[in-house]
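Printed here is model.cif (mmCIF, C-alpha atoms):
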data_input
loop_
_atom_site.label_atom_id
_atom_site.label_comp_id
_atom_site.auth_asym_id
_atom_site.auth_seq_id
_atom_site.Cartn_x
_atom_site.Cartn_y
_atom_site.Cartn_z
CA MET A 30 12.02 22.89 17.27
CA ALA A 31 12.07 20.65 14.21
CA LEU A 32 8.89 20.41 12.20
CA TYR A 33 9.17 16.64 11.93
CA SER A 34 10.14 14.07 14.55
CA GLU A 35 13.17 11.83 14.05
CA LYS A 36 10.78 8.93 13.43
CA VAL A 37 8.97 10.79 10.68
CA MET A 38 12.29 11.63 9.04
CA ASP A 39 13.52 8.05 9.41
CA HIS A 40 10.38 6.57 7.82
CA PHE A 41 10.53 9.22 5.09
CA ARG A 42 14.20 8.60 4.28
CA ASN A 43 14.04 4.81 4.76
CA PRO A 44 10.43 3.84 4.15
CA ARG A 45 9.53 0.26 5.08
CA ASN A 46 7.44 -2.04 2.89
CA VAL A 47 7.56 0.04 -0.31
CA GLY A 48 6.41 -1.72 -3.44
CA VAL A 49 3.65 -3.70 -5.04
CA ILE A 50 2.26 -7.13 -4.17
CA GLU A 51 1.29 -8.91 -7.38
CA ASN A 52 -2.08 -10.68 -7.02
CA ALA A 53 -2.67 -8.94 -3.69
CA ASP A 54 -5.60 -10.19 -1.61
CA GLY A 55 -6.68 -6.59 -1.03
CA VAL A 56 -5.75 -3.24 -2.57
CA GLY A 57 -6.83 0.12 -1.24
CA GLU A 58 -6.20 3.49 -2.81
CA VAL A 59 -7.03 6.92 -1.44
CA GLY A 60 -6.16 10.41 -2.48
CA ASN A 61 -6.42 13.89 -1.11
CA ALA A 62 -7.18 16.34 -3.91
CA LYS A 63 -6.22 19.33 -1.78
CA CYS A 64 -2.62 18.27 -1.11
CA GLY A 65 -2.19 15.84 -4.03
CA ASP A 66 -1.17 12.89 -1.86
CA ILE A 67 -2.07 9.47 -3.27
CA MET A 68 -1.64 6.31 -1.22
CA LYS A 69 -2.03 2.73 -2.36
CA ILE A 70 -1.83 -0.22 0.05
CA TYR A 71 -1.47 -3.87 -0.97
CA LEU A 72 -2.28 -6.73 1.42
CA LYS A 73 -1.39 -10.40 1.40
CA ILE A 74 -3.60 -12.19 3.91
CA GLU A 75 -3.10 -15.75 5.10
CA ASN A 76 -5.24 -17.43 7.77
CA ASP A 77 -6.68 -14.05 8.76
CA ILE A 78 -3.18 -12.63 9.36
CA ILE A 79 -1.60 -9.84 7.34
CA ALA A 80 1.29 -11.88 6.02
CA ASP A 81 2.63 -9.05 3.90
CA VAL A 82 1.83 -5.43 3.19
CA LYS A 83 3.34 -2.99 0.71
CA PHE A 84 2.58 0.57 -0.24
CA GLU A 85 3.09 3.09 -3.00
CA THR A 86 2.67 6.69 -1.93
CA PHE A 87 3.00 9.79 -4.01
CA GLY A 88 3.15 12.67 -1.59
CA CYS A 89 4.95 14.65 1.05
CA ALA A 90 7.28 13.40 3.78
CA SER A 91 4.38 12.96 6.21
CA ALA A 92 2.37 10.91 3.72
CA ILE A 93 5.29 8.60 3.03
CA ALA A 94 6.18 8.29 6.72
CA SER A 95 2.53 7.63 7.63
CA SER A 96 2.25 4.89 4.98
CA SER A 97 5.49 3.31 6.13
CA MET A 98 4.57 3.37 9.83
CA ALA A 99 1.01 2.16 9.17
CA THR A 100 2.30 -0.87 7.24
CA GLU A 101 4.75 -1.64 10.06
CA LEU A 102 1.92 -1.46 12.62
CA ILE A 103 -0.26 -4.02 10.81
CA LYS A 104 2.33 -6.42 9.36
CA GLY A 105 1.99 -9.87 10.92
CA LYS A 106 -1.12 -8.82 12.82
CA PRO A 107 -4.65 -10.27 12.63
CA VAL A 108 -7.04 -8.59 10.19
CA SER A 109 -9.19 -7.45 13.14
CA GLU A 110 -6.25 -5.43 14.53
CA ALA A 111 -5.58 -3.86 11.13
CA LEU A 112 -9.25 -2.87 10.89
CA ALA A 113 -8.97 -1.19 14.29
CA LEU A 114 -5.87 0.85 13.37
CA THR A 115 -6.55 4.56 13.83
CA ASN A 116 -4.82 7.57 12.36
CA GLN A 117 -4.05 8.63 15.97
CA ALA A 118 -2.12 5.39 16.50
CA VAL A 119 -0.13 6.04 13.32
CA ALA A 120 0.64 9.63 14.33
CA GLU A 121 1.61 8.59 17.87
CA ALA A 122 3.89 5.86 16.56
CA LEU A 123 5.64 8.57 14.53
CA ASP A 124 6.00 10.71 17.70
CA GLY A 125 3.45 13.14 16.33
CA LEU A 126 2.78 14.99 13.10
CA PRO A 127 2.46 18.74 12.56
CA ALA A 128 -1.22 19.76 12.81
CA HIS A 129 -1.47 20.57 9.10
CA LYS A 130 -0.13 17.08 8.25
CA VAL A 131 -2.46 14.97 10.41
CA HIS A 132 -4.54 14.26 7.30
CA CYS A 133 -1.64 12.09 6.07
CA SER A 134 -2.18 9.66 8.93
CA VAL A 135 -5.91 9.70 8.13
CA LEU A 136 -5.08 8.73 4.53
CA ALA A 137 -3.01 5.79 5.79
CA GLU A 138 -5.92 4.57 7.95
CA GLU A 139 -8.36 4.96 5.04
CA ALA A 140 -6.07 3.18 2.56
CA ILE A 141 -5.74 0.18 4.90
CA LYS A 142 -9.51 0.09 5.50
CA ASN A 143 -10.12 0.27 1.73
CA ALA A 144 -7.65 -2.55 1.11
CA LEU A 145 -9.45 -4.66 3.74
CA LYS A 146 -12.83 -3.82 2.16
CA ASP A 147 -11.41 -4.99 -1.16
CA TYR A 148 -10.16 -8.19 0.48
CA TYR A 149 -13.60 -8.86 2.00
CA ALA A 150 -15.30 -8.15 -1.34
CA LYS A 151 -12.97 -10.55 -3.16
CA SER A 152 -13.50 -13.18 -0.45
CA ASN A 153 -17.29 -12.65 -0.46
CA MET A 154 -17.21 -11.79 3.23
CA GLU A 155 -18.94 -8.95 5.09
#
Now, as a test, write the supplied structure out as structure tokens.
Amino acid sequence: MALYSEKVMDHFRNPRNVGVIENADGVGEVGNAKCGDIMKIYLKIENDIIADVKFETFGCASAIASSSMATELIKGKPVSEALALTNQAVAEALDGLPAHKVHCSVLAEEAIKNALKDYYAKSNME
């Protein structure tokens, strides 16, 4: 059996939404010292909708695939849905991750939540 699903490999080889959003409404960065993965998520929010989302990830195939899938799952969605995104939803959308790589989907969830926190801080909202 392959270690990674086709979806993981697809999002690793052809990641969606890679890049930087200049003057982003929210930016979230997380890192995992143990594995060295660093994930940065940029959000453009218009009328409470995630109009655009980009990411920069330095890490393994699972980290890149998780970032890519997570951005796909929240793009065009209301902020409330993005806040509710779980690492399980990211992993399921990728048709699963190896047990020792589940932390990559957790990083994606945390990066999005941090970017939303940043957005709320900049907007003076709770």
Between A:Asn52, A:Asn43, A:Ser109, A:Gln117, which residue has the minimum interatomic distance to A:Ile93, considering only C-alpha atoms?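 So, comparing all the options, the nearest one is A:Asn43.
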Residues matched by the PyMOL selection byres ((chain A and resi 39) around 12) as an mmCIF file with C-alpha atoms, keeping the file's coordinate frame:
data_model
loop_
_atom_site.group_PDB
_atom_site.id
_atom_site.type_symbol
_atom_site.label_atom_id
_atom_site.label_comp_id
_atom_site.auth_asym_id
_atom_site.auth_seq_id
_atom_site.Cartn_x
_atom_site.Cartn_y
_atom_site.Cartn_z
ATOM 1 C CA TYR A 33 9.170 16.640 11.930
ATOM 2 C CA SER A 34 10.140 14.070 14.550
ATOM 3 C CA GLU A 35 13.170 11.830 14.050
ATOM 4 C CA LYS A 36 10.780 8.930 13.430
ATOM 5 C CA VAL A 37 8.970 10.790 10.680
ATOM 6 C CA MET A 38 12.290 11.630 9.040
ATOM 7 C CA HIS A 40 10.380 6.570 7.820
ATOM 8 C CA PHE A 41 10.530 9.220 5.090
ATOM 9 C CA ARG A 42 14.200 8.600 4.280
ATOM 10 C CA ASN A 43 14.040 4.810 4.760
ATOM 11 C CA PRO A 44 10.430 3.840 4.150
ATOM 12 C CA ARG A 45 9.530 0.260 5.080
ATOM 13 C CA ALA A 90 7.280 13.400 3.780
ATOM 14 C CA SER A 91 4.380 12.960 6.210
ATOM 15 C CA ILE A 93 5.290 8.600 3.030
ATOM 16 C CA ALA A 94 6.180 8.290 6.720
ATOM 17 C CA SER A 95 2.530 7.630 7.630
ATOM 18 C CA SER A 97 5.490 3.310 6.130
ATOM 19 C CA MET A 98 4.570 3.370 9.830
ATOM 20 C CA LEU A 123 5.640 8.570 14.530
ATOM 21 C CA ASP A 124 6.000 10.710 17.700
#
Just checking: using all atoms listed in the file, which residue out of A:Pro107, A:Asn143, A:Ala137, A:Lys73 ends up closest to A:Val119?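 Looking only at the distances to A:Val119, the closest residue turns out to be A:Ala137.
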What gap, in Å, lies between atom CA of A:Ile79 and atom CA of A:Ala140?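 Distance reported for this atom pair: 14.6 Å.
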Written as an NGL selection string, what is the full residue list that the PyMOL selection byres ((chain A and resi 145) around 9) yields on the file shown? :A and (54-57 or 72 or 108 or 111-112 or 140-144 or 146-150)
Evaluate the PyMOL selection byres ((chain A and resi 50) around 8) here and jot the selected residues down as a PyMOL selection string. chain A and resi 48-49+51-53+71-73+82-83
Measuring atom to atom with only C-alpha atoms, identify which of A:Ala122, A:His132, A:Glu110, A:Glu101 is nearest to A:Ala62.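 Using only C-alpha atoms, A:Ala62 sits closest to A:His132.
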Can you measure atom CA of A:Phe84 to atom CA of A:Glu58 for me? One decimal in Å is fine.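 Separation of atom CA of A:Phe84 and atom CA of A:Glu58: 9.6 Å.
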Compile the contact shell of A:Phe87 as a PDB file with C-alpha atoms, keeping the file's coordinate frame: residues with an atom at most 10 Å away, counting only C-alpha atoms, same-chain residues fewer than 5 positions apart removed.
ATOM      1  CA  GLY A  60      -6.160  10.410  -2.480  1.00  0.00           C
ATOM      2  CA  GLY A  65      -2.190  15.840  -4.030  1.00  0.00           C
ATOM      3  CA  ASP A  66      -1.170  12.890  -1.860  1.00  0.00           C
ATOM      4  CA  ILE A  67      -2.070   9.470  -3.270  1.00  0.00           C
ATOM      5  CA  MET A  68      -1.640   6.310  -1.220  1.00  0.00           C
ATOM      6  CA  LYS A  69      -2.030   2.730  -2.360  1.00  0.00           C
ATOM      7  CA  ALA A  92       2.370  10.910   3.720  1.00  0.00           C
ATOM      8  CA  ILE A  93       5.290   8.600   3.030  1.00  0.00           C
TER       9      ILE A  93
END
Please indicate the distance in Å from atom CA of A:Ala120 to atom CA of A:Asp77, rounded to one decimal place.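 Between atom CA of A:Ala120 and atom CA of A:Asp77 the gap is 25.4 Å.
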Between A:Leu32, A:Val59, A:Cys64, A:Ala80, which has the minimum distance to A:Pro127 (counting only C-alpha atoms)?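 Closest to A:Pro127 of all the choices is A:Leu32.
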Nearest residue to A:Gly88 out of A:Leu136, A:Asn76, A:Thr100, A:Asn116, using all atoms listed in the file?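 Comparing A:Leu136, A:Asn76, A:Thr100, A:Asn116 against A:Gly88, the winner is A:Leu136.
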Nearest residue to A:Lys104 out of A:Met154, A:Ile78, A:Val47, A:Cys133, using all atoms listed in the file?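 Selected residue with least distance to A:Lys104: A:Ile78.
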Please write a file for stretch 38-54 of chain A, taken from the block I just shared, that holds N, CA, C and O atoms and is laid out as a compact mmCIF listing (two decimals), in the first residue's frame.
# COMPACT_ATOMS: atom_id res chain seq x y z
N MET A 38 -0.60 13.21 -2.96
CA MET A 38 0.44 13.36 -3.98
C MET A 38 0.07 14.46 -4.98
O MET A 38 0.92 15.24 -5.39
N ASP A 39 -1.20 14.54 -5.35
CA ASP A 39 -1.64 15.56 -6.29
C ASP A 39 -1.45 16.96 -5.70
O ASP A 39 -0.93 17.85 -6.36
N HIS A 40 -1.88 17.14 -4.44
CA HIS A 40 -1.74 18.46 -3.81
C HIS A 40 -0.27 18.79 -3.51
O HIS A 40 0.08 19.96 -3.41
N PHE A 41 0.55 17.75 -3.34
CA PHE A 41 1.98 17.99 -3.13
C PHE A 41 2.64 18.40 -4.45
O PHE A 41 3.39 19.36 -4.52
N ARG A 42 2.31 17.68 -5.52
CA ARG A 42 2.94 17.96 -6.82
C ARG A 42 2.38 19.22 -7.47
O ARG A 42 3.09 19.92 -8.19
N ASN A 43 1.08 19.46 -7.27
CA ASN A 43 0.41 20.62 -7.88
C ASN A 43 -0.33 21.40 -6.80
O ASN A 43 -1.56 21.46 -6.80
N PRO A 44 0.41 21.99 -5.87
CA PRO A 44 -0.28 22.69 -4.78
C PRO A 44 -1.11 23.86 -5.29
O PRO A 44 -0.70 24.57 -6.21
N ARG A 45 -2.30 24.03 -4.71
CA ARG A 45 -3.20 25.12 -5.06
C ARG A 45 -2.91 26.30 -4.14
O ARG A 45 -2.55 26.11 -2.99
N ASN A 46 -3.10 27.49 -4.66
CA ASN A 46 -3.06 28.72 -3.85
C ASN A 46 -1.71 29.01 -3.19
O ASN A 46 -1.65 29.56 -2.11
N VAL A 47 -0.61 28.66 -3.88
CA VAL A 47 0.71 28.98 -3.34
C VAL A 47 1.01 30.44 -3.60
O VAL A 47 0.68 30.97 -4.65
N GLY A 48 1.63 31.08 -2.63
CA GLY A 48 2.06 32.46 -2.85
C GLY A 48 1.80 33.35 -1.67
O GLY A 48 1.52 32.88 -0.57
N VAL A 49 1.90 34.63 -1.92
CA VAL A 49 1.76 35.65 -0.90
C VAL A 49 0.66 36.60 -1.33
O VAL A 49 0.53 36.89 -2.52
N ILE A 50 -0.14 37.06 -0.38
CA ILE A 50 -1.11 38.14 -0.67
C ILE A 50 -0.53 39.40 -0.04
O ILE A 50 -0.37 39.46 1.18
N GLU A 51 -0.17 40.36 -0.89
CA GLU A 51 0.33 41.63 -0.36
C GLU A 51 -0.82 42.33 0.37
O GLU A 51 -1.96 42.27 -0.08
N ASN A 52 -0.52 42.99 1.47
CA ASN A 52 -1.54 43.68 2.27
C ASN A 52 -2.70 42.74 2.62
O ASN A 52 -3.86 43.11 2.51
N ALA A 53 -2.36 41.53 3.03
CA ALA A 53 -3.38 40.56 3.42
C ALA A 53 -4.17 41.08 4.62
O ALA A 53 -3.64 41.84 5.43
N ASP A 54 -5.43 40.67 4.70
CA ASP A 54 -6.28 41.08 5.83
C ASP A 54 -5.92 40.29 7.08
O ASP A 54 -6.15 40.73 8.20
